[in-house]
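Pasted below: upload.json, JSON, C-alpha atoms.
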```json
[["chain", "number", "residue", "atom", "x", "y", "z"],
["L", 1, "MET", "CA", -5.23, 19.12, 15.08],
["L", 2, "SER", "CA", -1.43, 19.16, 14.95],
["L", 3, "LYS", "CA", -0.56, 17.45, 11.68],
["L", 4, "SER", "CA", 2.97, 16.94, 13.02],
["L", 5, "TRP", "CA", 2.03, 14.47, 15.75],
["L", 6, "PHE", "CA", -1.27, 12.82, 14.76],
["L", 7, "ASP", "CA", -2.52, 10.85, 11.77],
["L", 8, "GLU", "CA", -6.16, 10.82, 10.72],
["L", 9, "ARG", "CA", -7.90, 7.57, 9.81],
["L", 10, "LYS", "CA", -10.66, 8.03, 7.25],
["L", 11, "CYS", "CA", -11.99, 4.47, 7.13],
["L", 12, "CYS", "CA", -12.48, 1.58, 9.52],
["L", 13, "PRO", "CA", -9.08, 0.08, 10.42],
["L", 14, "ALA", "CA", -10.61, -3.39, 10.88],
["L", 15, "CYS", "CA", -12.68, -3.89, 7.72],
["L", 16, "GLY", "CA", -11.82, -0.91, 5.50],
["L", 17, "SER", "CA", -15.38, 0.43, 5.33],
["L", 18, "GLU", "CA", -15.85, 4.16, 4.80],
["L", 19, "GLN", "CA", -19.26, 3.99, 6.47],
["L", 20, "ILE", "CA", -18.18, 5.52, 9.77],
["L", 21, "SER", "CA", -19.83, 7.97, 12.13],
["L", 22, "THR", "CA", -18.59, 10.12, 15.00],
["L", 23, "ARG", "CA", -19.76, 9.07, 18.44],
["L", 24, "TYR", "CA", -17.80, 11.43, 20.70],
["L", 25, "GLN", "CA", -15.40, 14.31, 20.18],
["L", 26, "ALA", "CA", -13.39, 16.47, 22.57],
["L", 27, "SER", "CA", -10.12, 18.37, 22.59],
["L", 28, "TYR", "CA", -7.18, 16.89, 24.47],
["L", 29, "SER", "CA", -7.17, 20.20, 26.34],
["L", 30, "ASP", "CA", -10.63, 19.39, 27.74],
["L", 31, "PRO", "CA", -10.16, 19.41, 31.55],
["L", 32, "LYS", "CA", -11.74, 15.97, 31.95],
["L", 33, "ILE", "CA", -9.42, 14.34, 29.43],
["L", 34, "THR", "CA", -6.41, 16.27, 30.71],
["L", 35, "LYS", "CA", -7.07, 15.04, 34.25],
["L", 36, "TYR", "CA", -7.61, 11.49, 32.98],
["L", 37, "LEU", "CA", -4.22, 11.52, 31.26],
["L", 38, "ILE", "CA", -2.44, 13.00, 34.27],
["L", 39, "ASP", "CA", -4.03, 10.47, 36.65],
["L", 40, "PHE", "CA", -3.26, 7.57, 34.31],
["L", 41, "TYR", "CA", 0.29, 8.38, 33.24],
["L", 42, "SER", "CA", 1.78, 10.15, 36.25],
["L", 43, "PRO", "CA", 2.23, 6.89, 38.22],
["L", 44, "GLN", "CA", 3.89, 5.36, 35.16],
["L", 45, "GLY", "CA", 6.14, 8.24, 34.13],
["L", 46, "GLY", "CA", 4.33, 11.37, 32.93],
["L", 47, "VAL", "CA", 2.66, 13.19, 30.05],
["L", 48, "GLU", "CA", 4.29, 15.56, 27.57],
["L", 49, "PHE", "CA", 1.30, 17.72, 26.69],
["L", 50, "GLU", "CA", 3.17, 19.62, 23.99],
["L", 51, "TYR", "CA", 2.56, 16.62, 21.72],
["L", 52, "LEU", "CA", -1.20, 16.97, 22.24],
["L", 53, "SER", "CA", -1.48, 20.65, 21.41],
["L", 54, "ASP", "CA", -4.52, 21.32, 19.17],
["L", 55, "ALA", "CA", -5.24, 17.57, 18.89],
["L", 56, "GLU", "CA", -8.73, 16.12, 19.27],
["L", 57, "TYR", "CA", -9.90, 12.81, 20.67],
["L", 58, "VAL", "CA", -12.53, 11.54, 18.22],
["L", 59, "LEU", "CA", -14.30, 8.24, 18.84],
["L", 60, "CYS", "CA", -15.97, 6.68, 15.79],
["L", 61, "ASP", "CA", -18.25, 3.75, 14.98],
["L", 62, "CYS", "CA", -17.91, 1.53, 11.95],
["L", 63, "GLU", "CA", -21.44, 0.98, 10.68],
["L", 64, "SER", "CA", -20.29, -2.11, 8.79],
["L", 65, "CYS", "CA", -18.43, -4.23, 11.37],
["L", 66, "SER", "CA", -19.34, -2.35, 14.62],
["L", 67, "LEU", "CA", -15.75, -1.55, 15.57],
["L", 68, "ILE", "CA", -15.33, 1.45, 17.86],
["L", 69, "PHE", "CA", -12.10, 3.28, 17.09],
["L", 70, "GLN", "CA", -10.21, 6.55, 17.51],
["L", 71, "LYS", "CA", -10.05, 8.61, 14.34],
["L", 72, "ASN", "CA", -6.92, 10.60, 15.23],
["L", 73, "ILE", "CA", -3.99, 8.49, 16.38],
["L", 74, "PRO", "CA", -0.44, 9.34, 17.45],
["L", 75, "ASN", "CA", 2.17, 9.06, 14.72],
["L", 76, "ASP", "CA", 5.25, 6.88, 15.14],
["L", 77, "ALA", "CA", 7.22, 9.62, 16.90],
["L", 78, "VAL", "CA", 4.57, 10.10, 19.57],
["L", 79, "MET", "CA", 4.08, 6.35, 19.92],
["L", 80, "GLU", "CA", 7.79, 6.04, 20.71],
["L", 81, "ARG", "CA", 7.57, 8.83, 23.30],
["L", 82, "LEU", "CA", 4.47, 7.22, 24.80],
["L", 83, "TYR", "CA", 5.76, 3.68, 25.21],
["L", 84, "GLU", "CA", 9.38, 4.44, 26.05],
["L", 85, "HIS", "CA", 9.10, 7.69, 28.05],
["L", 86, "TRP", "CA", 5.57, 8.47, 29.26],
["L", 87, "ILE", "CA", 5.48, 4.83, 30.35],
["L", 88, "ASP", "CA", 8.86, 4.55, 32.05],
["L", 89, "PRO", "CA", 10.39, 1.13, 31.26],
["L", 90, "MET", "CA", 11.73, 0.68, 34.78],
["L", 91, "ILE", "CA", 8.34, 1.38, 36.35],
["L", 92, "ALA", "CA", 6.66, -0.87, 33.77],
["L", 93, "PHE", "CA", 9.07, -3.67, 34.66],
["L", 94, "GLU", "CA", 8.38, -3.24, 38.37],
["L", 95, "ASN", "CA", 4.64, -3.37, 37.68],
["L", 96, "ARG", "CA", 5.19, -6.53, 35.65],
["L", 97, "ASN", "CA", 7.06, -8.11, 38.57],
["L", 98, "SER", "CA", 4.26, -7.11, 40.93],
["L", 99, "ARG", "CA", 1.65, -8.79, 38.72],
["L", 100, "PHE", "CA", 3.57, -12.06, 38.78],
["L", 101, "THR", "CA", 4.00, -11.84, 42.54],
["L", 102, "THR", "CA", 0.32, -11.22, 43.27],
["L", 103, "ASN", "CA", -0.94, -13.61, 40.57],
["L", 104, "PRO", "CA", 1.40, -16.61, 40.23],
["L", 105, "GLU", "CA", -1.26, -18.38, 38.14],
["L", 106, "ILE", "CA", -0.12, -16.31, 35.14],
["L", 107, "HIS", "CA", 2.61, -18.88, 34.51],
["L", 108, "THR", "CA", 0.11, -21.72, 34.89],
["L", 109, "ASN", "CA", -2.16, -20.09, 32.33],
["L", 110, "TYR", "CA", 0.73, -19.68, 29.89],
["L", 111, "ALA", "CA", 1.56, -23.37, 30.22],
["L", 112, "LYS", "CA", -2.07, -24.46, 29.69],
["L", 113, "GLU", "CA", -2.45, -22.27, 26.62],
["L", 114, "ILE", "CA", 0.83, -23.34, 25.02],
["L", 115, "MET", "CA", 0.14, -27.04, 25.64],
["L", 116, "THR", "CA", -3.36, -26.69, 24.17],
["L", 117, "ILE", "CA", -2.04, -24.94, 21.07],
["L", 118, "GLY", "CA", 0.74, -27.47, 20.67],
["L", 119, "SER", "CA", -1.79, -30.29, 20.71],
["L", 120, "CYS", "CA", -3.30, -28.88, 17.49],
["L", 121, "PHE", "CA", -0.18, -29.76, 15.46],
["L", 122, "ASN", "CA", 0.90, -33.23, 14.49],
["L", 123, "ALA", "CA", 4.51, -32.60, 15.46],
["L", 124, "SER", "CA", 6.80, -32.62, 18.46],
["L", 125, "PRO", "CA", 7.46, -29.31, 20.24],
["L", 126, "SER", "CA", 10.98, -29.11, 18.78],
["L", 127, "GLU", "CA", 9.45, -29.27, 15.29],
["L", 128, "THR", "CA", 6.79, -26.64, 16.02],
["L", 129, "ARG", "CA", 7.70, -23.00, 15.49],
["L", 130, "PHE", "CA", 6.07, -20.18, 17.48],
["L", 131, "LEU", "CA", 6.21, -16.39, 17.05],
["L", 132, "ASP", "CA", 5.11, -13.95, 19.74],
["L", 133, "PHE", "CA", 4.20, -10.72, 17.94],
["L", 134, "GLY", "CA", 4.49, -7.84, 20.41],
["L", 135, "MET", "CA", 6.18, -10.06, 22.98],
["L", 136, "GLY", "CA", 6.62, -7.41, 25.70],
["L", 137, "TRP", "CA", 9.10, -8.66, 28.30],
["L", 138, "GLY", "CA", 9.08, -12.14, 26.75],
["L", 139, "ASP", "CA", 7.36, -14.04, 29.56],
["L", 140, "TRP", "CA", 5.09, -16.10, 27.27],
["L", 141, "LEU", "CA", 8.11, -17.09, 25.17],
["L", 142, "LEU", "CA", 10.07, -18.19, 28.23],
["L", 143, "MET", "CA", 7.31, -20.71, 28.96],
["L", 144, "ALA", "CA", 7.17, -21.82, 25.30],
["L", 145, "ASN", "CA", 10.95, -22.32, 25.32],
["L", 146, "GLY", "CA", 10.71, -24.25, 28.57],
["L", 147, "LEU", "CA", 8.15, -26.60, 27.02],
["L", 148, "GLY", "CA", 10.48, -27.28, 24.10],
["L", 149, "TYR", "CA", 9.00, -25.19, 21.29],
["L", 150, "GLU", "CA", 11.15, -23.34, 18.76],
["L", 151, "SER", "CA", 10.16, -19.81, 19.66],
["L", 152, "PHE", "CA", 10.87, -16.30, 18.42],
["L", 153, "GLY", "CA", 9.77, -12.81, 19.45],
["L", 154, "LEU", "CA", 8.99, -9.55, 17.65],
["L", 155, "GLU", "CA", 8.96, -6.31, 19.62],
["L", 156, "LEU", "CA", 9.50, -2.57, 19.05],
["L", 157, "SER", "CA", 10.53, -1.54, 22.57],
["L", 158, "GLU", "CA", 14.31, -1.52, 22.92],
["L", 159, "SER", "CA", 14.15, -1.95, 26.70],
["L", 160, "ARG", "CA", 11.95, -5.03, 26.37],
["L", 161, "ILE", "CA", 14.11, -6.47, 23.59],
["L", 162, "ARG", "CA", 17.24, -6.13, 25.76],
["L", 163, "HIS", "CA", 15.53, -7.85, 28.67],
["L", 164, "ALA", "CA", 14.23, -10.72, 26.54],
["L", 165, "GLU", "CA", 17.58, -11.29, 24.86],
["L", 166, "GLY", "CA", 19.19, -11.37, 28.28],
["L", 167, "LYS", "CA", 16.88, -14.28, 29.12],
["L", 168, "GLY", "CA", 17.95, -16.21, 26.03],
["L", 169, "ILE", "CA", 14.91, -15.41, 23.87],
["L", 170, "LYS", "CA", 15.45, -15.22, 20.11],
["L", 171, "VAL", "CA", 14.27, -11.74, 19.14],
["L", 172, "ILE", "CA", 14.03, -11.19, 15.39],
["L", 173, "THR", "CA", 13.24, -8.32, 13.04],
["L", 174, "TRP", "CA", 10.28, -8.25, 10.66],
["L", 175, "GLU", "CA", 12.68, -8.89, 7.75],
["L", 176, "GLU", "CA", 14.03, -11.98, 9.51],
["L", 177, "ALA", "CA", 10.50, -13.17, 10.30],
["L", 178, "GLN", "CA", 9.61, -13.02, 6.62],
["L", 179, "LYS", "CA", 12.30, -15.61, 5.90],
["L", 180, "LEU", "CA", 10.74, -18.05, 8.37],
["L", 181, "ARG", "CA", 7.34, -19.73, 8.55],
["L", 182, "PHE", "CA", 5.47, -20.33, 11.78],
["L", 183, "ASP", "CA", 2.96, -22.89, 13.00],
["L", 184, "PHE", "CA", 1.54, -20.44, 15.52],
["L", 185, "ILE", "CA", 1.62, -16.67, 16.00],
["L", 186, "ASN", "CA", 0.65, -15.28, 19.40],
["L", 187, "THR", "CA", -0.75, -11.74, 19.72],
["L", 188, "GLU", "CA", -1.73, -10.98, 23.29],
["L", 189, "GLN", "CA", -3.18, -7.51, 24.02],
["L", 190, "VAL", "CA", -1.63, -6.11, 20.83],
["L", 191, "PHE", "CA", -4.30, -5.43, 18.20],
["L", 192, "GLU", "CA", -6.04, -2.74, 20.25],
["L", 193, "HIS", "CA", -2.84, -0.67, 20.05],
["L", 194, "ILE", "CA", -1.77, -0.87, 16.40],
["L", 195, "ALA", "CA", -2.60, 1.72, 13.75],
["L", 196, "GLU", "CA", -3.53, -0.70, 10.96],
["L", 197, "PRO", "CA", -4.90, -3.92, 12.48],
["L", 198, "LEU", "CA", -6.35, -5.29, 9.23],
["L", 199, "GLU", "CA", -3.14, -4.75, 7.26],
["L", 200, "THR", "CA", -1.11, -6.17, 10.15],
["L", 201, "LEU", "CA", -3.25, -9.32, 10.20],
["L", 202, "LYS", "CA", -2.80, -9.74, 6.45],
["L", 203, "GLU", "CA", 0.97, -9.44, 6.86],
["L", 204, "LEU", "CA", 1.07, -11.91, 9.76],
["L", 205, "LYS", "CA", -0.94, -14.35, 7.66],
["L", 206, "THR", "CA", 1.93, -14.46, 5.15],
["L", 207, "LEU", "CA", 4.24, -15.75, 7.90],
["L", 208, "LEU", "CA", 2.16, -18.87, 8.58],
["L", 209, "LYS", "CA", 2.95, -22.39, 7.46],
["L", 210, "PRO", "CA", 0.05, -24.20, 5.75],
["L", 211, "GLY", "CA", -2.45, -24.95, 8.50],
["L", 212, "GLY", "CA", -0.87, -22.36, 10.78],
["L", 213, "ILE", "CA", -2.84, -20.53, 13.47],
["L", 214, "ILE", "CA", -2.92, -16.93, 14.73],
["L", 215, "LYS", "CA", -4.31, -16.04, 18.16],
["L", 216, "ILE", "CA", -5.82, -12.62, 18.80],
["L", 217, "SER", "CA", -6.63, -11.68, 22.37],
["L", 218, "VAL", "CA", -7.82, -8.12, 23.07],
["L", 219, "PRO", "CA", -9.72, -6.47, 25.93],
["L", 220, "THR", "CA", -13.37, -7.35, 26.33],
["L", 221, "ALA", "CA", -16.03, -4.80, 27.30],
["L", 222, "ASN", "CA", -19.40, -6.43, 26.75],
["L", 223, "ASP", "CA", -21.06, -3.43, 28.39],
["L", 224, "ILE", "CA", -19.16, -0.79, 26.42],
["L", 225, "GLU", "CA", -22.36, 0.85, 25.17],
["L", 226, "ARG", "CA", -23.44, 1.56, 28.74],
["L", 227, "ARG", "CA", -20.02, 2.98, 29.63],
["L", 228, "LEU", "CA", -19.94, 5.22, 26.57],
["L", 229, "LYS", "CA", -23.31, 6.73, 27.43],
["L", 230, "SER", "CA", -21.93, 8.11, 30.69],
["L", 231, "MET", "CA", -18.37, 8.90, 29.43],
["L", 232, "ASP", "CA", -17.11, 8.99, 33.00],
["L", 233, "TRP", "CA", -13.47, 10.01, 32.58],
["L", 234, "GLY", "CA", -13.04, 9.93, 36.35],
["L", 235, "ALA", "CA", -13.77, 6.19, 36.67],
["L", 236, "PRO", "CA", -10.53, 4.35, 37.58],
["L", 237, "LYS", "CA", -9.27, 1.46, 35.49],
["L", 238, "GLY", "CA", -10.93, -1.78, 36.51],
["L", 239, "THR", "CA", -14.10, -0.18, 37.82],
["L", 240, "ARG", "CA", -17.59, -0.59, 36.37],
["L", 241, "ASN", "CA", -17.58, 2.69, 34.42],
["L", 242, "SER", "CA", -13.94, 2.65, 33.35],
["L", 243, "LEU", "CA", -13.22, 3.94, 29.84],
["L", 244, "ASN", "CA", -9.92, 2.06, 29.63],
["L", 245, "ASN", "CA", -11.15, 0.10, 26.61],
["L", 246, "VAL", "CA", -11.17, 3.36, 24.62],
["L", 247, "ALA", "CA", -8.23, 4.93, 26.45],
["L", 248, "PRO", "CA", -6.90, 7.96, 24.54],
["L", 249, "LEU", "CA", -3.68, 7.33, 22.62],
["L", 250, "GLU", "CA", -3.28, 3.65, 23.56],
["L", 251, "HIS", "CA", -6.49, 1.67, 23.02],
["L", 252, "ILE", "CA", -7.09, 3.14, 19.60],
["L", 253, "GLN", "CA", -9.65, 0.49, 18.68],
["L", 254, "CYS", "CA", -12.21, -1.30, 20.82],
["L", 255, "PHE", "CA", -13.16, -4.66, 19.33],
["L", 256, "ASN", "CA", -16.17, -6.83, 19.93],
["L", 257, "ARG", "CA", -16.26, -10.40, 18.72],
["L", 258, "SER", "CA", -18.16, -9.59, 15.53],
["L", 259, "SER", "CA", -15.64, -6.92, 14.50],
["L", 260, "LEU", "CA", -12.80, -9.39, 15.10],
["L", 261, "ILE", "CA", -14.48, -12.02, 12.93],
["L", 262, "ARG", "CA", -15.24, -9.46, 10.22],
["L", 263, "MET", "CA", -11.59, -8.34, 10.22],
["L", 264, "ALA", "CA", -10.50, -11.96, 9.89],
["L", 265, "GLU", "CA", -12.87, -12.58, 6.98],
["L", 266, "THR", "CA", -11.61, -9.44, 5.22],
["L", 267, "ALA", "CA", -8.06, -10.74, 5.66],
["L", 268, "GLY", "CA", -9.03, -14.12, 4.15],
["L", 269, "MET", "CA", -9.08, -16.03, 7.42],
["L", 270, "ASP", "CA", -11.57, -18.25, 9.26],
["L", 271, "GLU", "CA", -12.03, -18.87, 12.96],
["L", 272, "PHE", "CA", -10.19, -21.99, 14.13],
["L", 273, "LYS", "CA", -12.06, -23.74, 16.92],
["L", 274, "ILE", "CA", -9.96, -25.80, 19.30],
["L", 275, "PRO", "CA", -12.11, -28.71, 20.53],
["L", 276, "LEU", "CA", -13.18, -28.40, 24.15],
["L", 277, "ILE", "CA", -11.75, -31.81, 24.92],
["L", 278, "LYS", "CA", -8.26, -30.60, 23.91],
["L", 279, "GLN", "CA", -8.62, -27.59, 26.16],
["L", 280, "TRP", "CA", -9.75, -29.71, 29.10],
["L", 281, "ASN", "CA", -7.07, -32.37, 28.49],
["L", 282, "ASN", "CA", -4.32, -29.74, 28.66],
["L", 283, "SER", "CA", -5.56, -28.12, 31.85],
["L", 284, "PHE", "CA", -4.21, -29.03, 35.26],
["L", 285, "GLY", "CA", -5.07, -28.16, 38.84],
["L", 286, "TRP", "CA", -8.34, -30.09, 38.71],
["L", 287, "PHE", "CA", -8.01, -31.44, 42.25],
["L", 288, "ASN", "CA", -9.24, -28.38, 44.12],
["L", 289, "PHE", "CA", -12.69, -26.89, 43.85],
["L", 290, "ASN", "CA", -11.72, -23.49, 42.39],
["L", 291, "GLY", "CA", -9.36, -25.05, 39.87],
["L", 292, "PHE", "CA", -11.97, -27.59, 38.80],
["L", 293, "ILE", "CA", -14.62, -24.91, 38.22],
["L", 294, "ARG", "CA", -12.20, -22.62, 36.40],
["L", 295, "ASN", "CA", -10.85, -25.36, 34.13],
["L", 296, "LEU", "CA", -14.36, -26.56, 33.32],
["L", 297, "LEU", "CA", -16.00, -23.21, 32.65],
["L", 298, "ILE", "CA", -13.38, -21.00, 30.96],
["L", 299, "PRO", "CA", -13.41, -22.95, 27.64],
["L", 300, "ILE", "CA", -17.21, -22.85, 27.67],
["L", 301, "TYR", "CA", -17.22, -19.13, 28.50],
["L", 302, "ARG", "CA", -14.81, -18.39, 25.64],
["L", 303, "ASN", "CA", -15.90, -20.83, 22.97],
["L", 304, "ILE", "CA", -19.59, -21.57, 23.53],
["L", 305, "LEU", "CA", -20.86, -18.38, 25.14],
["L", 306, "LYS", "CA", -18.25, -16.30, 23.24],
["L", 307, "ARG", "CA", -17.94, -13.78, 26.04],
["L", 308, "GLN", "CA", -14.25, -12.99, 25.57],
["L", 309, "ASN", "CA", -12.32, -11.44, 22.69],
["L", 310, "TYR", "CA", -10.06, -14.48, 22.49],
["L", 311, "ILE", "CA", -10.04, -16.15, 19.08],
["L", 312, "PHE", "CA", -7.87, -18.36, 16.89],
["L", 313, "LEU", "CA", -7.66, -17.87, 13.13],
["L", 314, "THR", "CA", -6.39, -19.88, 10.18],
["L", 315, "SER", "CA", -6.17, -19.17, 6.45],
["L", 316, "LYS", "CA", -9.17, -20.02, 4.30]]
```
Once you've parsed the file, please lay out its structure as structure tokens.
Amino acid sequence: MSKSWFDERKCCPACGSEQISTRYQASYSDPKITKYLIDFYSPQGGVEFEYLSDAEYVLCDCESCSLIFQKNIPNDAVMERLYEHWIDPMIAFENRNSRFTTNPEIHTNYAKEIMTIGSCFNASPSETRFLDFGMGWGDWLLMANGLGYESFGLELSESRIRHAEGKGIKVITWEEAQKLRFDFINTEQVFEHIAEPLETLKELKTLLKPGGIIKISVPTANDIERRLKSMDWGAPKGTRNSLNNVAPLEHIQCFNRSSLIRMAETAGMDEFKIPLIKQWNNSFGWFNFNGFIRNLLIPIYRNILKRQNYIFLTSK
């Protein structure tokens, strides 16, 4: 493995346990993985294989919390190349626009979520402070601003920061965030990408006001064990056998609900359960059949059946 471009993790990044075992191991020069990377990144920008020379993709299990994670992860230099060059910002922005065009309900879902969260605080929106950690292009924050909340964003990508600032979003640095305190911190599709999720959660916890809430939403793969038995690198994203949940370089940990809860407990946090009635009261679009069914069942699916990696946390 090239020590210049990859870091090795020797314990579970979610709970800190050293009781880990190797599930799968292959060189990045393996033809199946090479083809996977070319097929995945070529439409987005491209792959610089010189950064992967002598590196190995190693998938591990934590025997303590059941997290599945990659042992060898790109260092900061490769992460910057990956998210700002392999994934071309202009193409990423066009893909973002396409998602909003084909799925206009994204904005509706943002509004429902923000209104539901806001109902958990005994304060007006203007007195409620939100932080979006890993804000991307800032779309969630635009909705929060529109609903009157005092909102801030944290992001590493310079292209995304410039776009968000151009839309009037307050983008702050980590040092600036430490001088503020937040009622709510949003992390949407972030924790599967970061090198030290447990330490990051502990640090975010310090930014909360008393009674503050953190949301973690990460990809769900309830059938991941079946997918990992076949290891079908040729399965496209979104298909039944897709390995996107353990995608090399990007999805460096694959959570299930128990590993999320264990990480929270290790960080000194408990699950915060938003009452179903609050979730239903802040939904809209009840007056058509599909909307009625969706509004009724999604809170049950998430909170009662616990079939999504979508949780809220508060300090113990």
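Rounded to one decimal, atom CA of L:Ala264 and atom CA of L:Lys202 lie 8.7 Å from each other.
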Per-residue nearest contacts of stretch 182-236 of chain L to stretch 51-74 of chain L (12 Å; only C-alpha atoms) as a tab-separated table:
```
residue	atom	partner	partner_atom	distance
L:Phe191	CA	L:Phe69	CA	11.7
L:Glu192	CA	L:Phe69	CA	9.1
L:His193	CA	L:Ile73	CA	9.9
L:Ile194	CA	L:Ile73	CA	9.6
L:Ala195	CA	L:Ile73	CA	7.4
L:Glu196	CA	L:Ile73	CA	10.7
L:Pro197	CA	L:Phe69	CA	11.2
L:Leu198	CA	L:Leu67	CA	11.9
L:Ala221	CA	L:Ile68	CA	11.3
L:Ile224	CA	L:Ile68	CA	9.6
L:Glu225	CA	L:Ile68	CA	10.2
L:Leu228	CA	L:Leu59	CA	10.0
L:Met231	CA	L:Leu59	CA	11.4
```
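With only C-alpha atoms as the basis for measurement, L:Asn309 is the residue among L:Asn309, L:Ser42, L:Lys170, L:Leu207 that approaches L:Thr220 most closely.
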- prompt: Quick one: of L:Tyr149, L:Glu113, L:Gly138, L:Asn186, who's nearest to L:Gly166, counting only C-alpha atoms?
  reply: L:Gly138
message: With distances taken over all atoms listed in the file, which residue among L:Ser126, L:Thr173, L:Thr187, L:Ser159 lies nearest L:Leu313?
response: L:Thr187
Can you check which parts of stretch 260-313 of chain L lie within 8 Å of stretch 13-37 of chain L? Per residue, the shortest pair of atoms and distance in Å to one decimal, counting all atoms listed in the file, sorted by chain and number, as JSON lines.
```
{"residue": "L:Leu260", "atom": "CA", "partner": "L:Ala14", "partner_atom": "CA", "distance": 7.7}
{"residue": "L:Arg262", "atom": "CA", "partner": "L:Cys15", "partner_atom": "CA", "distance": 6.6}
{"residue": "L:Met263", "atom": "CA", "partner": "L:Ala14", "partner_atom": "CA", "distance": 5.1}
{"residue": "L:Thr266", "atom": "CA", "partner": "L:Cys15", "partner_atom": "CA", "distance": 6.2}
```
- request: Please provide as a list in words all residues within 10 Å of L:Phe40, with the sequence filter that same-chain residues fewer than 6 positions apart are discarded (counting all atoms listed in the file).
  value: Thr34, Gly46, Val47, Ile87, Pro236, Lys237, Asn244 and Ala247 of chain L
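Each of L:Arg81, L:Lys278, L:Arg181, L:Arg257 was checked against L:Leu305 using all atoms listed in the file; the smallest atom-to-atom distance is that of L:Arg257.
The residue that comes closest to L:Ser157, out of L:Ile185, L:Ile216, L:Met79, L:Ile106 and on the basis of only C-alpha atoms, is L:Met79.
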message: Measuring between all atoms listed in the file, which one of L:Asn145, L:Gln189, L:Ser4, L:Asn303 shows the shortest distance to L:Ile274?
response: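 Residue with the minimum atom-to-atom distance to L:Ile274: L:Asn303.
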task: Quote the spacing between atom CA of L:Gly212 and atom CA of L:Glu271 in Å to one decimal place.
output: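 Interatomic distance here is 11.9 Å.
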Neighbour list for L:Gln44 as a PyMOL selection string, cut-off 12 Å, only C-alpha atoms, skip fewer than 2 positions in-chain: chain L and resi 37-42+46-47+82-96
message: To one decimal place in Å, what is the distance between atom CA of L:Leu142 and atom CA of L:Ser283?
response: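 Atom-to-atom, atom CA of L:Leu142 and atom CA of L:Ser283 are spaced 18.9 Å apart.
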Once you add 8 Å to each side, what are the centre and edge lengths of the axis-aligned box holding all listed atoms of stretch 141-147 of chain L? One decimal in Å, as AutoDock Vina command-line options, if you can.
```
--center_x 9.1 --center_y -21.8 --center_z 27.1 --size_x 19.8 --size_y 25.5 --size_z 19.8
```
Kindly complete stretch 93-97 of chain L to all heavy atoms; the output should be written as a tab-separated table (two decimals), in the frame of the given file.
```tsv
chain	number	residue	atom	x	y	z
L	93	PHE	N	8.49	-2.38	34.28
L	93	PHE	CA	9.07	-3.67	34.66
L	93	PHE	C	8.73	-4.01	36.11
L	93	PHE	O	8.43	-5.17	36.43
L	93	PHE	CB	10.59	-3.65	34.47
L	93	PHE	CG	11.25	-4.98	34.67
L	93	PHE	CD1	11.03	-6.02	33.77
L	93	PHE	CD2	12.07	-5.20	35.75
L	93	PHE	CE1	11.63	-7.26	33.95
L	93	PHE	CE2	12.67	-6.43	35.95
L	93	PHE	CZ	12.46	-7.46	35.05
L	94	GLU	N	8.76	-3.01	36.98
L	94	GLU	CA	8.38	-3.24	38.37
L	94	GLU	C	6.91	-3.64	38.49
L	94	GLU	O	6.56	-4.53	39.28
L	94	GLU	CB	8.65	-1.98	39.19
L	94	GLU	CG	10.13	-1.67	39.38
L	94	GLU	CD	10.37	-0.30	40.01
L	94	GLU	OE1	9.36	0.37	40.35
L	94	GLU	OE2	11.53	0.10	40.14
L	95	ASN	N	6.06	-3.00	37.68
L	95	ASN	CA	4.64	-3.37	37.68
L	95	ASN	C	4.45	-4.79	37.17
L	95	ASN	O	3.60	-5.54	37.67
L	95	ASN	CB	3.84	-2.39	36.82
L	95	ASN	CG	3.74	-1.01	37.42
L	95	ASN	OD1	3.87	-0.85	38.64
L	95	ASN	ND2	3.51	-0.01	36.61
L	96	ARG	N	5.25	-5.16	36.16
L	96	ARG	CA	5.19	-6.53	35.65
L	96	ARG	C	5.58	-7.51	36.74
L	96	ARG	O	4.92	-8.54	36.94
L	96	ARG	CB	6.11	-6.62	34.43
L	96	ARG	CG	6.39	-8.03	33.93
L	96	ARG	CD	7.74	-8.52	34.41
L	96	ARG	NE	8.14	-9.78	33.80
L	96	ARG	CZ	9.14	-10.52	34.27
L	96	ARG	NH1	9.82	-10.15	35.34
L	96	ARG	NH2	9.46	-11.67	33.68
L	97	ASN	N	6.64	-7.23	37.48
L	97	ASN	CA	7.06	-8.11	38.57
L	97	ASN	C	5.98	-8.23	39.64
L	97	ASN	O	5.74	-9.31	40.18
L	97	ASN	CB	8.35	-7.60	39.20
L	97	ASN	CG	9.55	-7.77	38.27
L	97	ASN	OD1	9.49	-8.53	37.31
L	97	ASN	ND2	10.62	-7.04	38.56
```
